[in-house]
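Enquirer: One file: target.txt (compact mmCIF, C-alpha atoms and all ligand atoms).
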```txt
# COMPACT_ATOMS: atom_id res chain seq x y z
CA MET A 1 -16.84 -18.61 -28.65
CA HIS A 2 -15.09 -15.79 -26.82
CA PRO A 3 -17.42 -13.35 -24.98
CA ARG A 4 -16.06 -10.44 -27.05
CA ASP A 5 -17.41 -12.14 -30.21
CA PHE A 6 -21.04 -11.70 -29.03
CA THR A 7 -23.04 -8.55 -29.78
CA PRO A 8 -25.77 -8.42 -27.14
CA ARG A 9 -28.99 -6.44 -27.50
CA PRO A 10 -28.85 -2.88 -26.08
CA GLY A 11 -29.29 -3.07 -22.31
CA ARG A 12 -27.84 -6.58 -22.06
CA LEU A 13 -24.35 -7.84 -21.38
CA PRO A 14 -22.51 -10.52 -23.38
CA PRO A 15 -22.03 -13.88 -21.69
CA GLY A 16 -18.95 -14.06 -19.50
CA ALA A 17 -17.62 -14.96 -16.08
CA TYR A 18 -19.13 -12.04 -14.17
CA GLY A 19 -18.73 -13.71 -10.79
CA HIS A 20 -14.96 -13.96 -11.28
CA ASN A 21 -12.60 -11.07 -11.75
CA ARG A 22 -8.99 -10.00 -11.28
CA GLY A 23 -9.86 -8.00 -8.18
CA VAL A 24 -8.32 -9.43 -5.01
CA VAL A 25 -8.24 -8.11 -1.46
CA LYS A 26 -5.82 -9.88 0.87
CA ARG A 27 -4.43 -9.03 4.29
CA ASN A 28 -1.48 -7.10 2.90
CA TYR A 29 -2.17 -6.55 -0.76
CA ALA A 30 -5.06 -5.75 -3.06
CA ILE A 31 -5.62 -5.51 -6.81
CA MET A 32 -8.46 -3.40 -8.11
CA PRO A 33 -9.28 -3.23 -11.80
CA PRO A 34 -10.97 0.14 -12.44
CA GLU A 35 -14.28 -1.27 -13.66
CA GLY A 36 -15.06 -2.68 -10.21
CA ILE A 37 -14.37 0.47 -8.18
CA MET A 38 -17.72 2.02 -7.30
CA ASP A 39 -18.49 5.73 -7.27
CA SER A 40 -18.51 7.94 -4.15
CA TYR A 41 -19.52 11.59 -3.76
CA LEU A 42 -18.19 14.09 -1.23
CA PRO A 43 -19.76 17.28 0.15
CA THR A 44 -16.55 19.22 -0.63
CA LEU A 45 -16.66 18.40 -4.37
CA GLU A 46 -19.20 19.26 -7.04
CA LYS A 47 -19.79 17.42 -10.34
CA THR A 48 -17.12 14.95 -9.22
CA ILE A 49 -17.16 11.17 -8.96
CA VAL A 50 -14.63 9.86 -6.43
CA ARG A 51 -13.35 6.30 -6.92
CA PHE A 52 -11.43 5.33 -3.80
CA GLN A 53 -8.63 2.89 -4.50
CA ALA A 54 -7.05 2.77 -1.04
CA ALA A 55 -8.11 3.90 2.41
CA PRO A 56 -7.29 2.99 6.02
CA ALA A 57 -10.32 0.65 5.89
CA LEU A 58 -8.30 -1.49 3.45
CA GLY A 59 -5.30 -1.63 5.79
CA ALA A 60 -3.39 1.16 4.02
CA ARG A 61 -1.90 4.11 5.90
CA PHE A 62 -2.92 6.46 3.11
CA ALA A 63 -5.93 7.17 0.93
CA GLN A 64 -5.93 7.40 -2.84
CA ALA A 65 -8.75 8.04 -5.29
CA VAL A 66 -9.39 8.82 -8.93
CA LEU A 67 -11.43 12.02 -9.21
CA GLU A 68 -13.58 12.16 -12.34
CA ILE A 69 -14.41 15.86 -12.61
CA SER A 70 -17.03 17.06 -15.09
CA PRO A 71 -16.77 20.48 -16.77
CA GLY A 72 -17.32 23.21 -14.17
CA GLY A 73 -16.74 20.79 -11.29
CA GLY A 74 -14.16 20.28 -8.55
CA THR A 75 -13.64 21.69 -5.07
CA ILE A 76 -16.58 23.87 -3.99
CA LYS A 77 -14.35 26.09 -1.82
CA PRO A 78 -10.61 26.01 -0.99
CA VAL A 79 -9.59 22.92 0.99
CA SER A 80 -7.07 23.08 3.84
CA ASP A 81 -6.48 20.31 6.36
CA ASP A 82 -3.74 18.36 8.19
CA LEU A 83 -3.03 16.03 5.26
CA GLU A 84 -0.25 16.18 2.70
CA ARG A 85 -1.45 15.58 -0.85
CA PHE A 86 -0.16 14.47 -4.22
CA PHE A 87 -2.14 14.99 -7.43
CA TYR A 88 -1.36 13.40 -10.80
CA VAL A 89 -3.38 14.23 -13.90
CA LEU A 90 -4.43 11.08 -15.73
CA GLY A 91 -6.52 12.79 -18.42
CA GLY A 92 -7.70 16.27 -19.43
CA THR A 93 -6.56 19.63 -18.11
CA ALA A 94 -6.94 20.49 -14.42
CA SER A 95 -6.72 23.93 -12.78
CA LEU A 96 -4.97 23.95 -9.43
CA THR A 97 -4.95 27.11 -7.33
CA VAL A 98 -2.39 27.30 -4.52
CA GLY A 99 -1.25 30.46 -2.73
CA GLY A 100 -3.31 32.69 -5.03
CA ARG A 101 -1.70 31.28 -8.21
CA THR A 102 -3.64 29.10 -10.64
CA GLU A 103 -1.63 26.53 -12.56
CA THR A 104 -2.88 24.51 -15.49
CA LEU A 105 -1.98 20.85 -15.17
CA GLN A 106 -1.93 18.86 -18.41
CA PRO A 107 -1.93 15.03 -18.49
CA GLU A 108 1.15 13.79 -16.56
CA GLY A 109 1.23 17.07 -14.64
CA TYR A 110 1.44 16.67 -10.88
CA ALA A 111 1.54 18.57 -7.60
CA PHE A 112 2.67 17.98 -4.04
CA LEU A 113 1.01 19.99 -1.27
CA PRO A 114 2.22 19.93 2.34
CA PRO A 115 -0.40 19.95 5.12
CA ARG A 116 -2.36 23.16 5.77
CA THR A 117 -1.94 24.35 2.17
CA ALA A 118 -5.23 25.77 0.95
CA TYR A 119 -5.95 24.66 -2.60
CA ALA A 120 -8.70 24.56 -5.19
CA LEU A 121 -8.83 21.86 -7.88
CA ARG A 122 -11.24 22.61 -10.70
CA ASN A 123 -12.16 21.58 -14.22
CA GLU A 124 -12.42 24.81 -16.20
CA THR A 125 -12.52 22.99 -19.56
CA GLY A 126 -15.42 21.63 -21.56
CA ASP A 127 -14.29 18.01 -21.24
CA PRO A 128 -14.22 15.60 -18.29
CA ILE A 129 -10.88 15.23 -16.50
CA ARG A 130 -9.33 12.46 -14.38
CA VAL A 131 -7.02 13.31 -11.51
CA LEU A 132 -5.40 10.95 -9.04
CA GLU A 133 -5.51 12.25 -5.46
CA PHE A 134 -3.28 10.81 -2.73
CA LYS A 135 -3.48 12.00 0.89
CA LYS A 136 -2.13 11.02 4.27
CA PRO A 137 -0.99 12.63 7.54
CA TYR A 138 2.49 14.10 7.12
CA GLN A 139 5.09 12.65 9.50
CA MET A 140 7.15 15.57 10.80
CA VAL A 141 10.65 14.91 12.22
CA ASP A 142 12.93 17.02 14.40
CA ASP A 143 15.29 19.41 12.57
CA PHE A 144 13.30 19.26 9.30
CA SER A 145 10.50 21.54 8.21
CA ALA A 146 7.72 20.39 5.88
CA PRO A 147 8.60 20.82 2.18
CA GLU A 148 7.20 23.60 0.02
CA PRO A 149 4.45 22.90 -2.56
CA ILE A 150 5.60 21.56 -5.93
CA VAL A 151 3.74 21.87 -9.23
CA SER A 152 5.48 20.20 -12.15
CA HIS A 153 5.19 17.82 -15.08
CA ARG A 154 6.59 14.38 -15.82
CA SER A 155 8.44 15.78 -18.86
CA ALA A 156 10.60 17.90 -16.49
CA VAL A 157 11.84 14.78 -14.68
CA GLU A 158 15.03 12.96 -15.63
CA LYS A 159 14.97 9.20 -16.25
CA VAL A 160 17.54 7.38 -14.13
CA ASN A 161 18.59 3.76 -14.01
CA HIS A 162 19.39 2.75 -10.44
CA ASN A 163 20.49 -0.83 -10.84
CA GLY A 164 21.97 -0.83 -14.34
CA THR A 165 19.58 -3.47 -15.64
CA GLU A 166 18.94 -2.90 -19.33
CA GLY A 167 15.42 -1.64 -20.08
CA ARG A 168 14.55 -0.25 -16.64
CA THR A 169 14.15 3.41 -15.60
CA TRP A 170 12.92 5.42 -12.63
CA GLU A 171 11.47 8.92 -12.74
CA HIS A 172 11.45 10.53 -9.28
CA LEU A 173 8.60 13.03 -9.35
CA LEU A 174 9.55 14.40 -5.91
CA PRO A 175 13.12 15.35 -4.85
CA TYR A 176 14.83 12.02 -4.27
CA GLY A 177 16.66 11.67 -0.96
CA ASP A 178 15.24 14.92 0.48
CA MET A 179 14.58 13.98 4.11
CA ARG A 180 11.81 16.55 4.48
CA PHE A 181 9.61 14.25 2.37
CA ASP A 182 8.06 11.17 3.93
CA ILE A 183 6.75 9.98 0.56
CA GLU A 184 8.09 9.17 -2.88
CA PHE A 185 6.16 9.13 -6.13
CA ASN A 186 8.13 7.39 -8.84
CA ILE A 187 7.36 6.17 -12.34
CA LEU A 188 9.02 2.83 -13.01
CA SER A 189 9.30 1.79 -16.65
CA PHE A 190 10.13 -1.61 -18.08
CA ALA A 191 11.06 -2.50 -21.65
CA PRO A 192 9.59 -5.83 -22.77
CA GLY A 193 11.47 -8.59 -20.97
CA ALA A 194 13.04 -6.43 -18.24
CA TYR A 195 12.22 -7.55 -14.72
CA PHE A 196 13.31 -7.20 -11.09
CA PRO A 197 16.64 -8.82 -10.20
CA ASP A 198 15.12 -10.13 -6.93
CA VAL A 199 11.79 -10.53 -5.21
CA GLU A 200 11.58 -7.45 -2.95
CA THR A 201 10.24 -7.57 0.58
CA HIS A 202 10.37 -4.31 2.52
CA VAL A 203 8.84 -2.41 5.41
CA ASN A 204 7.46 0.29 3.07
CA GLU A 205 4.01 0.14 1.57
CA HIS A 206 3.02 0.99 -2.00
CA GLY A 207 0.10 2.30 -3.97
CA LEU A 208 0.57 1.50 -7.67
CA VAL A 209 -1.31 2.67 -10.76
CA MET A 210 -0.50 0.98 -14.04
CA LEU A 211 0.04 3.79 -16.56
CA GLU A 212 0.74 1.67 -19.62
CA GLY A 213 1.43 -1.85 -20.75
CA GLN A 214 0.72 -5.17 -19.15
CA GLY A 215 2.50 -7.70 -17.01
CA MET A 216 2.53 -10.26 -14.25
CA TYR A 217 2.83 -9.10 -10.64
CA LEU A 218 3.99 -11.42 -7.91
CA LEU A 219 2.28 -10.38 -4.69
CA GLY A 220 2.90 -12.55 -1.67
CA GLU A 221 2.91 -16.05 -3.15
CA ASP A 222 0.53 -15.40 -6.03
CA TRP A 223 1.00 -14.19 -9.62
CA HIS A 224 -1.57 -11.76 -11.00
CA GLU A 225 -2.04 -10.39 -14.51
CA VAL A 226 -2.33 -6.58 -14.50
CA TRP A 227 -2.63 -3.83 -17.10
CA GLN A 228 -3.25 -0.14 -17.69
CA ASP A 229 -5.47 1.60 -15.10
CA ASP A 230 -5.28 -1.23 -12.54
CA PHE A 231 -4.55 -0.24 -8.96
CA ILE A 232 -2.44 -2.32 -6.57
CA TRP A 233 -1.96 -1.80 -2.86
CA MET A 234 1.08 -3.53 -1.34
CA GLY A 235 1.24 -3.47 2.44
CA PRO A 236 4.48 -3.64 4.44
CA TYR A 237 6.47 -6.84 3.86
CA CYS A 238 4.46 -7.92 0.83
CA PRO A 239 6.89 -9.87 -1.39
CA GLN A 240 6.74 -8.31 -4.86
CA LEU A 241 8.14 -8.70 -8.36
CA PHE A 242 7.01 -7.38 -11.76
CA TYR A 243 7.52 -9.08 -15.08
CA PRO A 244 6.20 -7.18 -18.15
CA THR A 245 4.40 -9.05 -20.90
CA GLY A 246 3.22 -7.84 -24.28
CA TRP A 247 5.05 -6.03 -27.05
CA GLY A 248 5.34 -2.48 -25.76
CA PRO A 249 6.84 -0.86 -22.67
CA SER A 250 5.10 -1.05 -19.31
CA ALA A 251 5.13 1.69 -16.70
CA TYR A 252 3.55 2.36 -13.33
CA LEU A 253 3.22 5.25 -10.92
CA LEU A 254 4.36 4.07 -7.51
CA TYR A 255 3.86 5.60 -4.08
CA LYS A 256 6.29 4.56 -1.35
CA ASP A 257 6.55 5.76 2.27
CA VAL A 258 10.20 6.64 2.86
CA ASN A 259 12.74 8.50 5.01
CA ARG A 260 11.12 7.77 8.37
CA ASP A 261 12.05 5.41 11.22
CA VAL A 262 9.74 2.62 12.35
CA VAL A 263 6.96 3.58 14.75
CA PHE A 264 6.62 1.57 17.97
O1 LIG B 301 11.14 1.08 -4.98
C1 LIG B 301 10.48 0.05 -4.86
O2 LIG B 301 10.21 -0.40 -3.74
C2 LIG B 301 10.01 -0.67 -6.12
N1 LIG B 301 11.12 -1.31 -6.75
N2 LIG B 301 8.95 -1.59 -5.85
C3 LIG B 301 8.09 -2.01 -6.82
O3 LIG B 301 8.22 -1.61 -7.99
N3 LIG B 301 7.12 -2.88 -6.46
MN MN B 302 8.84 -2.09 -3.69
```
Represent the structure of the file as structure tokens.
Ligand code: UGY
Ligand code: MN
Expert:
Amino acid sequence: MHPRDFTPRPGRLPPGAYGHNRGVVKRNYAIMPPEGIMDSYLPTLEKTIVRFQAAPALGARFAQAVLEISPGGGTIKPVSDDLERFFYVLGGTASLTVGGRTETLQPEGYAFLPPRTAYALRNETGDPIRVLEFKKPYQMVDDFSAPEPIVSHRSAVEKVNHNGTEGRTWEHLLPYGDMRFDIEFNILSFAPGAYFPDVETHVNEHGLVMLEGQGMYLLGEDWHEVWQDDFIWMGPYCPQLFYPTGWGPSAYLLYKDVNRDVVF
């Protein structure tokens, strides 16, 4: 019998392979299904569970977490530090205050904040909200100033098809090709059956959140089955290819470090 066919008594779990899971941590990639990511709490946040997906301790050069903010929770006082940040609302309505202006971010709303931008992120609603927070040190380069803050929504972003393959689109949430940015956040979508033309191997690293659908990810030499809400970290030079499975479209939010030379 399949484990989902059992109805255990309250307080008990159905039989299953609890000692095995899809989570993997390798030298230059990791897969983390959400159910295995434990809760953290920070002194700067109230009524907020932090689920860290990536951190330098993993080998990543950035940190990323899902913030689960209860009604009335969020930053206790405005935050300002040397890190650039990207927020993406996964569920509920978030209130983001930057430069004295409070914006309401609906699901799929997002914001980019350059370093030293004081902000407050709060849940002023009666329902829990889920917000993805990315942060890392901004890499300044000569002749370019840091970009201005951006607050926007996925619906304002055009879908483009870079390689002409039927069934594939990119949504560039941050200005594409703008050399002031050292990061990209893109949503890549795949119609059933559309896949990469080649296995990619590149110097850039990725943080990936599956937004919808299901598929097989080649990471290094191994195939892994992934679906909505999974997180993947791909370190530099991790060979990668995605092949959607299932009947509907698949899409993921993808961080990539870009527009900067190698560091010796
Ligand atoms: O832009 C990228 O590097 C992208 N094609 N990689 C990926 O989806 N794993
Ligand atoms: Mn890639």
Enquirer: May I have the residues within 9 Å of Leu121 (chain A) as a PyMOL selection string, using only C-alpha atoms and disregarding those fewer than 6 positions away in the same chain?
Expert: chain A and resi 73-76+78-79+94-97
Enquirer: Using all atoms listed in the file, can you list as a list in words the residues within 8 Å of (-2.1, 23.2, -0.4)?
Expert: Val79, Ser80, Glu84, Arg85, Val98, Gly99, Phe112, Leu113, Pro114, Pro115, Arg116, Thr117, Ala118, Tyr119 and Pro149 of chain A
Enquirer: Could you tell me, counting all atoms listed in the file, which protein and nucleic acid residues lie no more than 10 Å from ligand LIG 301 (chain B), written as number ranges by chain?
Expert: A: 162, 170, 184-189, 195-208, 217-219, 232-234, 238-242, 251-258
Enquirer: Based on the selection just made, write C-alpha atoms of those residues as an mmCIF file, keeping the file's coordinate frame.
Expert:
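Just written: result-v4.cif:
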```cif
data_model
loop_
_atom_site.group_PDB
_atom_site.id
_atom_site.type_symbol
_atom_site.label_atom_id
_atom_site.label_comp_id
_atom_site.auth_asym_id
_atom_site.auth_seq_id
_atom_site.Cartn_x
_atom_site.Cartn_y
_atom_site.Cartn_z
ATOM 1 C CA HIS A 162 19.390 2.750 -10.440
ATOM 2 C CA TRP A 170 12.920 5.420 -12.630
ATOM 3 C CA GLU A 184 8.090 9.170 -2.880
ATOM 4 C CA PHE A 185 6.160 9.130 -6.130
ATOM 5 C CA ASN A 186 8.130 7.390 -8.840
ATOM 6 C CA ILE A 187 7.360 6.170 -12.340
ATOM 7 C CA LEU A 188 9.020 2.830 -13.010
ATOM 8 C CA SER A 189 9.300 1.790 -16.650
ATOM 9 C CA TYR A 195 12.220 -7.550 -14.720
ATOM 10 C CA PHE A 196 13.310 -7.200 -11.090
ATOM 11 C CA PRO A 197 16.640 -8.820 -10.200
ATOM 12 C CA ASP A 198 15.120 -10.130 -6.930
ATOM 13 C CA VAL A 199 11.790 -10.530 -5.210
ATOM 14 C CA GLU A 200 11.580 -7.450 -2.950
ATOM 15 C CA THR A 201 10.240 -7.570 0.580
ATOM 16 C CA HIS A 202 10.370 -4.310 2.520
ATOM 17 C CA VAL A 203 8.840 -2.410 5.410
ATOM 18 C CA ASN A 204 7.460 0.290 3.070
ATOM 19 C CA GLU A 205 4.010 0.140 1.570
ATOM 20 C CA HIS A 206 3.020 0.990 -2.000
ATOM 21 C CA GLY A 207 0.100 2.300 -3.970
ATOM 22 C CA LEU A 208 0.570 1.500 -7.670
ATOM 23 C CA TYR A 217 2.830 -9.100 -10.640
ATOM 24 C CA LEU A 218 3.990 -11.420 -7.910
ATOM 25 C CA LEU A 219 2.280 -10.380 -4.690
ATOM 26 C CA ILE A 232 -2.440 -2.320 -6.570
ATOM 27 C CA TRP A 233 -1.960 -1.800 -2.860
ATOM 28 C CA MET A 234 1.080 -3.530 -1.340
ATOM 29 C CA CYS A 238 4.460 -7.920 0.830
ATOM 30 C CA PRO A 239 6.890 -9.870 -1.390
ATOM 31 C CA GLN A 240 6.740 -8.310 -4.860
ATOM 32 C CA LEU A 241 8.140 -8.700 -8.360
ATOM 33 C CA PHE A 242 7.010 -7.380 -11.760
ATOM 34 C CA ALA A 251 5.130 1.690 -16.700
ATOM 35 C CA TYR A 252 3.550 2.360 -13.330
ATOM 36 C CA LEU A 253 3.220 5.250 -10.920
ATOM 37 C CA LEU A 254 4.360 4.070 -7.510
ATOM 38 C CA TYR A 255 3.860 5.600 -4.080
ATOM 39 C CA LYS A 256 6.290 4.560 -1.350
ATOM 40 C CA ASP A 257 6.550 5.760 2.270
ATOM 41 C CA VAL A 258 10.200 6.640 2.860
#
```
Enquirer: Which residue gives the smallest distance to Lys135 (chain A) among A:Phe62, A:Tyr176, A:Phe190, A:Tyr18, with only C-alpha atoms counted?
Expert: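 For Lys135 (chain A), the nearest of the candidates is A:Phe62.
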Enquirer: What does the distance from CA of Asp230 (chain A) to CA of Glu103 (chain A) come to in Å, to one decimal?
Expert: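 Value for the CA of Asp230 (chain A)-CA of Glu103 (chain A) distance: 28.0 Å.
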Enquirer: Hey, can you check how far CA of Tyr237 (chain A) sits from CA of Ala65 (chain A)?
Expert: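 Between CA of Tyr237 (chain A) and CA of Ala65 (chain A) the gap is 23.2 Å.
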Enquirer: Give the answer as one residue: which of A:Gln214, A:Ile150, A:Asp261, A:Asp229 has the shortest atom-to-atom distance to Gly91 (chain A), using all atoms listed in the file?
Expert: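 Counting all atoms listed in the file, the residue closest to Gly91 (chain A) is A:Asp229.
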Enquirer: Taking all atoms listed in the file into account, name the residue in A:Ala17, A:Leu42, A:Ala156, A:Ala120 that is nearest to Glu108 (chain A).
Expert: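 The closest residue to Glu108 (chain A) is A:Ala156.
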Enquirer: So, with only C-alpha atoms and all ligand atoms as the atoms that count, which of A:Pro236, A:Phe87, A:Asp178, A:Arg27 lies closest to ligand MN 302 (chain B)?
Expert: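 That would be A:Pro236, the residue with the smallest distance to ligand MN 302 (chain B).
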Enquirer: Within 9 Å of Pro71 (chain A), counting all atoms listed in the file, which residues qualify if same-chain residues fewer than 3 places away don't, as a tab-separated table (two decimals) with C-alpha atoms, keeping the file's coordinate frame?
Expert:
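result_25.tsv, written as the output of this step:
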```tsv
chain	number	residue	atom	x	y	z
A	47	LYS	CA	-19.79	17.42	-10.34
A	74	GLY	CA	-14.16	20.28	-8.55
A	122	ARG	CA	-11.24	22.61	-10.70
A	123	ASN	CA	-12.16	21.58	-14.22
A	124	GLU	CA	-12.42	24.81	-16.20
A	125	THR	CA	-12.52	22.99	-19.56
A	126	GLY	CA	-15.42	21.63	-21.56
A	127	ASP	CA	-14.29	18.01	-21.24
A	128	PRO	CA	-14.22	15.60	-18.29
A	129	ILE	CA	-10.88	15.23	-16.50
```
Enquirer: Go ahead and compute the interatomic distance for CA of Lys159 (chain A) and CA of Gln139 (chain A), in Å to one decimal.
Expert: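 If I compute the distance from CA of Lys159 (chain A) to CA of Gln139 (chain A), I get 27.8 Å.
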Enquirer: I need the residue nearest Tyr88 (chain A) from this list: A:Val25, A:Leu105, A:Ala55, A:Ala30. Use all atoms listed in the file for the distance.
Expert: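 Nearest candidate to Tyr88 (chain A) out of A:Val25, A:Leu105, A:Ala55, A:Ala30: A:Leu105.
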Enquirer: Go through A:Leu90, A:Arg154, A:Arg180, A:Gln64 one by one, measure the shortest atom-to-atom distance of each to Leu211 (chain A) using all atoms listed in the file, and give the residue with the smallest value.
Expert: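 Using all atoms listed in the file, the shortest distance to Leu211 (chain A) belongs to A:Leu90.
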Enquirer: Build an axis-aligned box that encloses every atom of region 178-184 of chain A listed in the file, pad it by 8 Å on each side, and report its centre and edge lengths in Å to one decimal, as JSON.
Expert:
```
{"center_x": 11.0, "center_y": 12.9, "center_z": 0.8, "size_x": 24.5, "size_y": 23.4, "size_z": 23.4}
```
